[in-house]
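Content type PDB, C-alpha atoms and all ligand atoms, from the file upload.pdb:
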```pdb
ATOM      1  CA  MET A  14     137.246 156.673 178.309
ATOM      2  CA  PRO A  15     140.799 156.117 177.130
ATOM      3  CA  ILE A  16     142.343 152.661 177.099
ATOM      4  CA  LYS A  17     145.014 152.254 179.807
ATOM      5  CA  VAL A  18     148.085 150.035 179.754
ATOM      6  CA  ILE A  19     149.589 148.775 183.001
ATOM      7  CA  THR A  20     152.062 146.164 184.165
ATOM      8  CA  ALA A  21     150.457 144.022 186.868
ATOM      9  CA  ASP A  22     149.274 140.589 187.892
ATOM     10  CA  ILE A  23     145.751 140.569 186.490
ATOM     11  CA  THR A  24     144.510 138.360 189.337
ATOM     12  CA  GLY A  25     144.881 141.240 191.804
ATOM     13  CA  LEU A  26     142.614 143.684 189.958
ATOM     14  CA  HIS A  27     139.288 144.774 191.509
ATOM     15  CA  LEU A  28     137.152 145.159 188.392
ATOM     16  CA  ASP A  29     133.827 144.025 187.008
ATOM     17  CA  ALA A  30     135.696 141.491 184.872
ATOM     18  CA  ILE A  31     139.138 140.196 184.092
ATOM     19  CA  VAL A  32     139.837 138.248 180.927
ATOM     20  CA  ASN A  33     141.421 134.818 180.845
ATOM     21  CA  ALA A  34     143.529 133.739 177.865
ATOM     22  CA  ALA A  35     142.253 130.186 177.985
ATOM     23  CA  ASN A  36     142.303 127.064 175.804
ATOM     24  CA  PRO A  37     139.183 125.498 174.256
ATOM     25  CA  GLY A  38     138.693 122.995 177.085
ATOM     26  CA  LEU A  39     138.447 125.799 179.661
ATOM     27  CA  LEU A  40     139.806 123.538 182.393
ATOM     28  CA  GLY A  41     142.934 125.547 183.169
ATOM     29  CA  GLY A  42     146.487 125.583 181.901
ATOM     30  CA  GLY A  43     149.682 127.566 182.395
ATOM     31  CA  GLY A  44     150.397 131.290 182.057
ATOM     32  CA  VAL A  45     147.621 133.694 182.963
ATOM     33  CA  ASP A  46     145.075 130.833 182.842
ATOM     34  CA  GLY A  47     146.927 128.963 185.592
ATOM     35  CA  ALA A  48     147.326 132.140 187.656
ATOM     36  CA  ILE A  49     143.597 132.935 187.411
ATOM     37  CA  HIS A  50     142.543 129.411 188.398
ATOM     38  CA  ARG A  51     144.955 129.380 191.357
ATOM     39  CA  ALA A  52     143.719 132.732 192.611
ATOM     40  CA  ALA A  53     140.013 132.042 192.008
ATOM     41  CA  GLY A  54     140.089 128.664 193.752
ATOM     42  CA  PRO A  55     138.525 125.325 192.830
ATOM     43  CA  ALA A  56     135.029 126.778 192.368
ATOM     44  CA  LEU A  57     136.211 128.343 189.100
ATOM     45  CA  LEU A  58     137.222 124.959 187.714
ATOM     46  CA  GLN A  59     133.813 123.563 188.716
ATOM     47  CA  ALA A  60     132.045 126.468 187.000
ATOM     48  CA  CYS A  61     134.084 125.963 183.835
ATOM     49  CA  HIS A  62     133.438 122.240 183.916
ATOM     50  CA  ALA A  63     129.698 122.949 184.071
ATOM     51  CA  LEU A  64     129.782 124.962 180.831
ATOM     52  CA  PRO A  65     128.389 122.915 177.951
ATOM     53  CA  GLU A  66     130.729 121.302 175.450
ATOM     54  CA  CYS A  67     130.077 122.229 171.832
ATOM     55  CA  ALA A  68     132.341 119.397 170.628
ATOM     56  CA  PRO A  69     134.148 116.753 172.664
ATOM     57  CA  GLY A  70     136.478 118.630 175.035
ATOM     58  CA  VAL A  71     135.587 122.044 173.553
ATOM     59  CA  ARG A  72     133.707 124.484 175.771
ATOM     60  CA  CYS A  73     134.899 127.606 173.968
ATOM     61  CA  PRO A  74     136.046 127.534 170.332
ATOM     62  CA  THR A  75     138.853 129.866 169.288
ATOM     63  CA  GLY A  76     137.656 133.458 169.019
ATOM     64  CA  GLU A  77     134.631 132.939 171.260
ATOM     65  CA  ALA A  78     134.181 133.845 174.938
ATOM     66  CA  ARG A  79     132.415 132.457 178.020
ATOM     67  CA  ILE A  80     131.698 134.112 181.365
ATOM     68  CA  THR A  81     131.871 132.807 184.934
ATOM     69  CA  LEU A  82     131.958 134.387 188.344
ATOM     70  CA  GLY A  83     135.348 135.324 189.767
ATOM     71  CA  PHE A  84     134.885 133.338 193.006
ATOM     72  CA  ALA A  85     137.894 134.090 195.277
ATOM     73  CA  LEU A  86     139.240 136.738 192.882
ATOM     74  CA  PRO A  87     138.667 140.414 193.594
ATOM     75  CA  ALA A  88     137.136 140.655 190.091
ATOM     76  CA  ARG A  89     133.403 139.930 189.942
ATOM     77  CA  HIS A  90     133.573 137.960 186.698
ATOM     78  CA  VAL A  91     136.096 136.127 184.572
ATOM     79  CA  ILE A  92     135.531 136.236 180.834
ATOM     80  CA  HIS A  93     137.370 133.310 179.283
ATOM     81  CA  THR A  94     138.373 133.683 175.666
ATOM     82  CA  VAL A  95     140.517 131.499 173.448
ATOM     83  CA  GLY A  96     143.044 133.299 171.306
ATOM     84  CA  PRO A  97     144.466 131.848 168.098
ATOM     85  CA  ILE A  98     147.706 129.909 168.027
ATOM     86  CA  TRP A  99     150.143 131.782 165.776
ATOM     87  CA  HIS A 100     150.809 129.811 162.581
ATOM     88  CA  GLY A 101     152.558 132.558 160.620
ATOM     89  CA  GLY A 102     149.706 135.009 160.166
ATOM     90  CA  ASP A 103     147.950 133.611 157.101
ATOM     91  CA  HIS A 104     145.624 131.261 158.966
ATOM     92  CA  GLY A 105     143.056 133.849 159.997
ATOM     93  CA  GLU A 106     144.846 134.676 163.236
ATOM     94  CA  ALA A 107     144.103 138.420 163.176
ATOM     95  CA  LEU A 108     140.369 137.913 162.609
ATOM     96  CA  LEU A 109     140.162 135.293 165.360
ATOM     97  CA  LEU A 110     142.002 137.577 167.779
ATOM     98  CA  LYS A 111     139.669 140.424 166.878
ATOM     99  CA  HIS A 112     136.712 138.158 167.644
ATOM    100  CA  CYS A 113     138.181 137.436 171.105
ATOM    101  CA  TYR A 114     138.136 141.137 171.999
ATOM    102  CA  ARG A 115     134.751 141.745 170.421
ATOM    103  CA  ASN A 116     132.996 138.735 171.991
ATOM    104  CA  THR A 117     134.501 139.526 175.380
ATOM    105  CA  MET A 118     133.228 143.115 175.239
ATOM    106  CA  ARG A 119     129.780 141.844 174.215
ATOM    107  CA  LEU A 120     129.625 139.576 177.277
ATOM    108  CA  LEU A 121     130.795 142.411 179.527
ATOM    109  CA  ARG A 122     127.990 144.627 178.237
ATOM    110  CA  GLU A 123     125.391 141.864 178.507
ATOM    111  CA  HIS A 124     126.330 141.479 182.191
ATOM    112  CA  GLY A 125     126.252 145.207 182.875
ATOM    113  CA  GLY A 126     129.999 145.539 183.448
ATOM    114  CA  HIS A 127     131.860 148.834 183.173
ATOM    115  CA  THR A 128     135.456 147.925 184.051
ATOM    116  CA  ILE A 129     137.571 145.208 182.455
ATOM    117  CA  ALA A 130     141.204 144.174 182.098
ATOM    118  CA  PHE A 131     142.645 142.091 179.282
ATOM    119  CA  PRO A 132     145.941 140.195 179.376
ATOM    120  CA  ALA A 133     148.015 140.048 176.182
ATOM    121  CA  ILE A 134     145.846 137.320 174.630
ATOM    122  CA  SER A 135     147.834 134.803 172.517
ATOM    123  CA  CYS A 136     151.167 136.557 173.239
ATOM    124  CA  GLY A 137     152.543 133.810 175.506
ATOM    125  CA  VAL A 138     152.373 130.077 174.803
ATOM    126  CA  TYR A 139     150.295 130.711 171.660
ATOM    127  CA  GLY A 140     153.188 132.656 170.088
ATOM    128  CA  TYR A 141     151.388 135.623 168.504
ATOM    129  CA  PRO A 142     153.946 138.401 167.808
ATOM    130  CA  ALA A 143     153.247 140.998 170.478
ATOM    131  CA  ALA A 144     153.312 144.110 168.272
ATOM    132  CA  LEU A 145     150.849 142.547 165.825
ATOM    133  CA  ALA A 146     148.570 141.365 168.628
ATOM    134  CA  ALA A 147     148.675 144.787 170.274
ATOM    135  CA  ALA A 148     147.633 146.466 167.012
ATOM    136  CA  VAL A 149     144.612 144.143 166.722
ATOM    137  CA  ALA A 150     143.702 144.670 170.380
ATOM    138  CA  VAL A 151     143.832 148.458 170.186
ATOM    139  CA  ALA A 152     141.992 148.760 166.851
ATOM    140  CA  THR A 153     139.224 146.389 167.968
ATOM    141  CA  LEU A 154     138.763 147.970 171.385
ATOM    142  CA  ARG A 155     138.693 151.476 169.903
ATOM    143  CA  ASP A 156     135.944 150.336 167.550
ATOM    144  CA  GLU A 157     134.062 148.810 170.466
ATOM    145  CA  LEU A 158     134.337 152.002 172.497
ATOM    146  CA  VAL A 159     133.224 154.417 169.776
ATOM    147  CA  ALA A 160     129.578 154.179 170.777
ATOM    148  CA  THR A 161     130.091 154.087 174.576
ATOM    149  CA  ASP A 162     132.022 156.133 177.068
ATOM    150  CA  ASP A 163     131.010 154.110 180.113
ATOM    151  CA  ILE A 164     133.479 151.233 179.829
ATOM    152  CA  ASP A 165     136.946 151.499 181.281
ATOM    153  CA  VAL A 166     139.391 149.146 179.513
ATOM    154  CA  THR A 167     142.783 148.205 180.941
ATOM    155  CA  LEU A 168     145.392 146.291 178.976
ATOM    156  CA  CYS A 169     147.215 144.397 181.701
ATOM    157  CA  CYS A 170     150.738 143.390 180.679
ATOM    158  CA  PHE A 171     152.968 141.148 182.743
ATOM    159  CA  SER A 172     156.317 142.814 181.926
ATOM    160  CA  GLU A 173     157.600 146.300 181.205
ATOM    161  CA  GLY A 174     158.629 145.107 177.736
ATOM    162  CA  MET A 175     155.091 144.025 176.891
ATOM    163  CA  GLN A 176     153.739 147.263 178.347
ATOM    164  CA  THR A 177     155.996 149.233 175.979
ATOM    165  CA  VAL A 178     154.698 147.258 172.994
ATOM    166  CA  PHE A 179     151.042 147.875 173.913
ATOM    167  CA  GLN A 180     151.736 151.522 174.743
ATOM    168  CA  ARG A 181     153.263 151.956 171.255
ATOM    169  CA  ALA A 182     150.150 150.492 169.660
ATOM    170  CA  LEU A 183     148.070 153.103 171.505
ATOM    171  CA  ALA A 184     150.274 156.015 170.432
ATOM    172  CA  PRO A 185     148.588 158.098 167.728
TER     173      PRO A 185
HETATM  174  N1  LIG B 201     148.710 138.612 184.817
HETATM  175  C1  LIG B 201     148.774 139.217 183.593
HETATM  176  N2  LIG B 201     149.360 138.665 182.522
HETATM  177  C2  LIG B 201     149.930 137.445 182.674
HETATM  178  C3  LIG B 201     149.905 136.742 183.900
HETATM  179  C4  LIG B 201     149.269 137.375 184.992
HETATM  180  N3  LIG B 201     149.202 136.794 186.210
HETATM  181  N4  LIG B 201     150.556 135.558 183.734
HETATM  182  C5  LIG B 201     150.983 135.516 182.449
HETATM  183  N5  LIG B 201     150.611 136.663 181.810
HETATM  184  C6  LIG B 201     150.855 137.087 180.429
HETATM  185  C7  LIG B 201     151.991 136.401 179.701
HETATM  186  O1  LIG B 201     153.230 136.965 180.092
HETATM  187  C8  LIG B 201     151.644 136.709 178.243
HETATM  188  O2  LIG B 201     152.148 137.988 177.868
HETATM  189  O3  LIG B 201     149.730 136.771 179.631
HETATM  190  C9  LIG B 201     150.111 136.757 178.261
HETATM  191  C10 LIG B 201     149.438 135.592 177.573
HETATM  192  O4  LIG B 201     150.220 134.431 177.746
HETATM  193  P1  LIG B 201     149.611 132.985 178.029
HETATM  194  O5  LIG B 201     149.042 132.913 179.404
HETATM  195  O6  LIG B 201     150.638 131.994 177.652
HETATM  196  O7  LIG B 201     148.334 132.911 177.008
HETATM  197  P2  LIG B 201     148.262 132.546 175.433
HETATM  198  O8  LIG B 201     149.482 132.904 174.697
HETATM  199  O9  LIG B 201     146.940 133.100 174.988
HETATM  200  O10 LIG B 201     148.196 130.974 175.443
HETATM  201  C11 LIG B 201     147.048 130.326 175.928
HETATM  202  O11 LIG B 201     148.283 129.016 177.471
HETATM  203  O12 LIG B 201     148.253 128.277 179.602
HETATM  204  C12 LIG B 201     147.742 128.134 178.453
HETATM  205  O13 LIG B 201     145.531 127.347 178.996
HETATM  206  C13 LIG B 201     146.250 128.322 178.289
HETATM  207  O14 LIG B 201     146.517 126.758 176.568
HETATM  208  C14 LIG B 201     146.249 128.128 176.827
HETATM  209  C15 LIG B 201     147.438 128.933 176.353
END
```
This structure in structure tokens:
Amino acid sequence: MPIKVITADITGLHLDAIVNAANPGLLGGGGVDGAIHRAAGPALLQACHALPECAPGVRCPTGEARITLGFALPARHVIHTVGPIWHGGDHGEALLLKHCYRNTMRLLREHGGHTIAFPAISCGVYGYPAALAAAVAVATLRDELVATDDIDVTLCCFSEGMQTVFQRALAP
């Protein structure tokens, strides 16, 4: 199935999973993380808190992903992933961002999901240049979808400008 790009509030989407652009602590934050926690209700924070720490204060290292239920959200699951902070591009950012998409898709498959929406991971507070992030997102998701045609991927932007950037990355 083709990858779609939309402009919407990701918290309103009725899908098997929505993706949270989280931080390693997984206890909420601003941006899409804050919006998801507000819409999901306090049970999401409790579920995140219950995830094991792999280092003090770290429940999800950069590039990895963790899954919870969606609680009050219309989405069944939230897959939390931690994008890289942009440090100029020569600190492994592209590989870490690729791992975010790949690990998220792996969790979706493991939980039998078929529909998922991603926000523009790392493109807000974490400062990743949107066109570069969109290129990584599209290339990685295309790779992931080569072997399957039963997963419907939506790239959920929060502004028309961001939608244009992601749409350009999808153009042949
Ligand atoms: N729906 C869809 N997209 C949204 C929403 C929403 N409700 N709210 C914000 N966004 C968009 C932003 O406009 C941006 O394009 O999500 C993209 C990612 O931005 P951030 O949320 O800032 O995520 P990121 O850059 O990955 O930074 C992660 O921000 O809040 C913290 O806890 C989070 O520390 C972590 C950091």
Handout entry: Contacts of region 157-160 of chain A within 12 Å, only C-alpha atoms, excl. fewer than 6 positions in-chain, as a PyMOL selection string
Key = chain A and resi 14-16+111-112+114-119+121-122+127+150-151+166
Problem - Length of the CA of Gly43 (chain A) to CA of Leu57 (chain A) vector [Å] - result: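 Distance reported for this atom pair: 15.1 Å.
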Problem - Site check for ligand LIG 201 (chain B): residues at most 7 Å away, all atoms listed in the file, as a ChimeraX atom specification - result: /A:21-24,34-36,41-49,95-96,132-140,169-172,175
Exercise for the section: Take CA of Ala78 (chain A) and CA of His93 (chain A) and report the distance between them in Å, one decimal. Expected result: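 Computing it gives 5.4 Å between the two atoms.
Of the listed residues A:Leu110, A:Ala30, A:Leu64, A:Leu120, the one whose atoms come nearest to Leu86 (chain A) is A:Ala30, with distances taken using all atoms listed in the file.
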Exercise for the section: Have a look at A:Leu28, A:Ala184, A:Leu168, A:Val18 and name the one nearest to His90 (chain A); count only C-alpha atoms. Expected result: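 Closest to His90 (chain A), using only C-alpha atoms: A:Leu28.
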Exercise for the section: Name the residues within 9 Å of (138.9, 123.3, 177.3), counting only C-alpha atoms in the file's coordinates, and put them as a PyMOL selection string. Expected result: chain A and resi 35-41+61-62+66+70-74
Exercise for the section: Just give me the gap between CA of Thr153 (chain A) and CA of Gly125 (chain A) in Å, one decimal is fine. Expected result: 19.8 Å
Where atoms are absent from region 115-135 of chain A, fill them in so it carries N, CA, C and O atoms, then output it as a PDB file, in the coordinates of the input.
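Output file rebuild-v4.pdb follows:
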```pdb
ATOM      1  N   ARG A 115     136.126 141.334 170.674  1.00  0.00           N
ATOM      2  CA  ARG A 115     134.751 141.745 170.421  1.00  0.00           C
ATOM      3  C   ARG A 115     133.756 140.922 171.248  1.00  0.00           C
ATOM      4  O   ARG A 115     132.857 141.468 171.881  1.00  0.00           O
ATOM      5  N   ASN A 116     133.918 139.601 171.252  1.00  0.00           N
ATOM      6  CA  ASN A 116     132.996 138.735 171.991  1.00  0.00           C
ATOM      7  C   ASN A 116     133.114 138.953 173.494  1.00  0.00           C
ATOM      8  O   ASN A 116     132.124 138.863 174.228  1.00  0.00           O
ATOM      9  N   THR A 117     134.310 139.239 173.952  1.00  0.00           N
ATOM     10  CA  THR A 117     134.501 139.526 175.380  1.00  0.00           C
ATOM     11  C   THR A 117     133.774 140.815 175.764  1.00  0.00           C
ATOM     12  O   THR A 117     133.075 140.868 176.784  1.00  0.00           O
ATOM     13  N   MET A 118     133.904 141.842 174.944  1.00  0.00           N
ATOM     14  CA  MET A 118     133.228 143.115 175.239  1.00  0.00           C
ATOM     15  C   MET A 118     131.708 142.942 175.193  1.00  0.00           C
ATOM     16  O   MET A 118     130.977 143.539 175.978  1.00  0.00           O
ATOM     17  N   ARG A 119     131.226 142.101 174.292  1.00  0.00           N
ATOM     18  CA  ARG A 119     129.780 141.844 174.215  1.00  0.00           C
ATOM     19  C   ARG A 119     129.279 141.201 175.516  1.00  0.00           C
ATOM     20  O   ARG A 119     128.276 141.631 176.086  1.00  0.00           O
ATOM     21  N   LEU A 120     130.022 140.217 176.017  1.00  0.00           N
ATOM     22  CA  LEU A 120     129.625 139.576 177.277  1.00  0.00           C
ATOM     23  C   LEU A 120     129.678 140.561 178.439  1.00  0.00           C
ATOM     24  O   LEU A 120     128.816 140.558 179.318  1.00  0.00           O
ATOM     25  N   LEU A 121     130.703 141.413 178.453  1.00  0.00           N
ATOM     26  CA  LEU A 121     130.795 142.411 179.527  1.00  0.00           C
ATOM     27  C   LEU A 121     129.550 143.291 179.529  1.00  0.00           C
ATOM     28  O   LEU A 121     128.939 143.525 180.571  1.00  0.00           O
ATOM     29  N   ARG A 122     129.171 143.759 178.350  1.00  0.00           N
ATOM     30  CA  ARG A 122     127.990 144.627 178.237  1.00  0.00           C
ATOM     31  C   ARG A 122     126.723 143.879 178.656  1.00  0.00           C
ATOM     32  O   ARG A 122     125.902 144.411 179.386  1.00  0.00           O
ATOM     33  N   GLU A 123     126.594 142.649 178.172  1.00  0.00           N
ATOM     34  CA  GLU A 123     125.391 141.864 178.507  1.00  0.00           C
ATOM     35  C   GLU A 123     125.250 141.672 180.018  1.00  0.00           C
ATOM     36  O   GLU A 123     124.152 141.515 180.520  1.00  0.00           O
ATOM     37  N   HIS A 124     126.376 141.670 180.739  1.00  0.00           N
ATOM     38  CA  HIS A 124     126.330 141.479 182.191  1.00  0.00           C
ATOM     39  C   HIS A 124     126.433 142.805 182.943  1.00  0.00           C
ATOM     40  O   HIS A 124     126.655 142.820 184.152  1.00  0.00           O
ATOM     41  N   GLY A 125     126.298 143.893 182.224  1.00  0.00           N
ATOM     42  CA  GLY A 125     126.252 145.207 182.875  1.00  0.00           C
ATOM     43  C   GLY A 125     127.582 145.685 183.433  1.00  0.00           C
ATOM     44  O   GLY A 125     127.611 146.551 184.315  1.00  0.00           O
ATOM     45  N   GLY A 126     128.688 145.136 182.923  1.00  0.00           N
ATOM     46  CA  GLY A 126     129.999 145.539 183.448  1.00  0.00           C
ATOM     47  C   GLY A 126     130.491 146.853 182.852  1.00  0.00           C
ATOM     48  O   GLY A 126     130.135 147.205 181.716  1.00  0.00           O
ATOM     49  N   HIS A 127     131.304 147.553 183.630  1.00  0.00           N
ATOM     50  CA  HIS A 127     131.860 148.834 183.173  1.00  0.00           C
ATOM     51  C   HIS A 127     133.384 148.883 183.241  1.00  0.00           C
ATOM     52  O   HIS A 127     133.985 149.827 182.739  1.00  0.00           O
ATOM     53  N   THR A 128     133.995 147.908 183.935  1.00  0.00           N
ATOM     54  CA  THR A 128     135.456 147.925 184.051  1.00  0.00           C
ATOM     55  C   THR A 128     135.994 146.536 183.730  1.00  0.00           C
ATOM     56  O   THR A 128     135.473 145.527 184.206  1.00  0.00           O
ATOM     57  N   ILE A 129     137.050 146.504 182.918  1.00  0.00           N
ATOM     58  CA  ILE A 129     137.571 145.208 182.455  1.00  0.00           C
ATOM     59  C   ILE A 129     139.065 145.320 182.193  1.00  0.00           C
ATOM     60  O   ILE A 129     139.553 146.387 181.788  1.00  0.00           O
ATOM     61  N   ALA A 130     139.777 144.231 182.455  1.00  0.00           N
ATOM     62  CA  ALA A 130     141.204 144.174 182.098  1.00  0.00           C
ATOM     63  C   ALA A 130     141.469 142.944 181.244  1.00  0.00           C
ATOM     64  O   ALA A 130     140.980 141.846 181.542  1.00  0.00           O
ATOM     65  N   PHE A 131     142.230 143.169 180.198  1.00  0.00           N
ATOM     66  CA  PHE A 131     142.645 142.091 179.282  1.00  0.00           C
ATOM     67  C   PHE A 131     144.127 141.789 179.493  1.00  0.00           C
ATOM     68  O   PHE A 131     144.936 142.722 179.550  1.00  0.00           O
ATOM     69  N   PRO A 132     144.517 140.516 179.499  1.00  0.00           N
ATOM     70  CA  PRO A 132     145.941 140.195 179.376  1.00  0.00           C
ATOM     71  C   PRO A 132     146.312 140.271 177.887  1.00  0.00           C
ATOM     72  O   PRO A 132     145.436 140.516 177.048  1.00  0.00           O
ATOM     73  N   ALA A 133     147.570 140.037 177.589  1.00  0.00           N
ATOM     74  CA  ALA A 133     148.015 140.048 176.182  1.00  0.00           C
ATOM     75  C   ALA A 133     147.651 138.693 175.564  1.00  0.00           C
ATOM     76  O   ALA A 133     148.484 137.776 175.465  1.00  0.00           O
ATOM     77  N   ILE A 134     146.383 138.594 175.142  1.00  0.00           N
ATOM     78  CA  ILE A 134     145.846 137.320 174.630  1.00  0.00           C
ATOM     79  C   ILE A 134     146.706 136.799 173.473  1.00  0.00           C
ATOM     80  O   ILE A 134     147.057 137.572 172.563  1.00  0.00           O
ATOM     81  N   SER A 135     147.051 135.530 173.538  1.00  0.00           N
ATOM     82  CA  SER A 135     147.834 134.803 172.517  1.00  0.00           C
ATOM     83  C   SER A 135     149.326 135.148 172.497  1.00  0.00           C
ATOM     84  O   SER A 135     150.072 134.562 171.715  1.00  0.00           O
TER      85      SER A 135
END
```
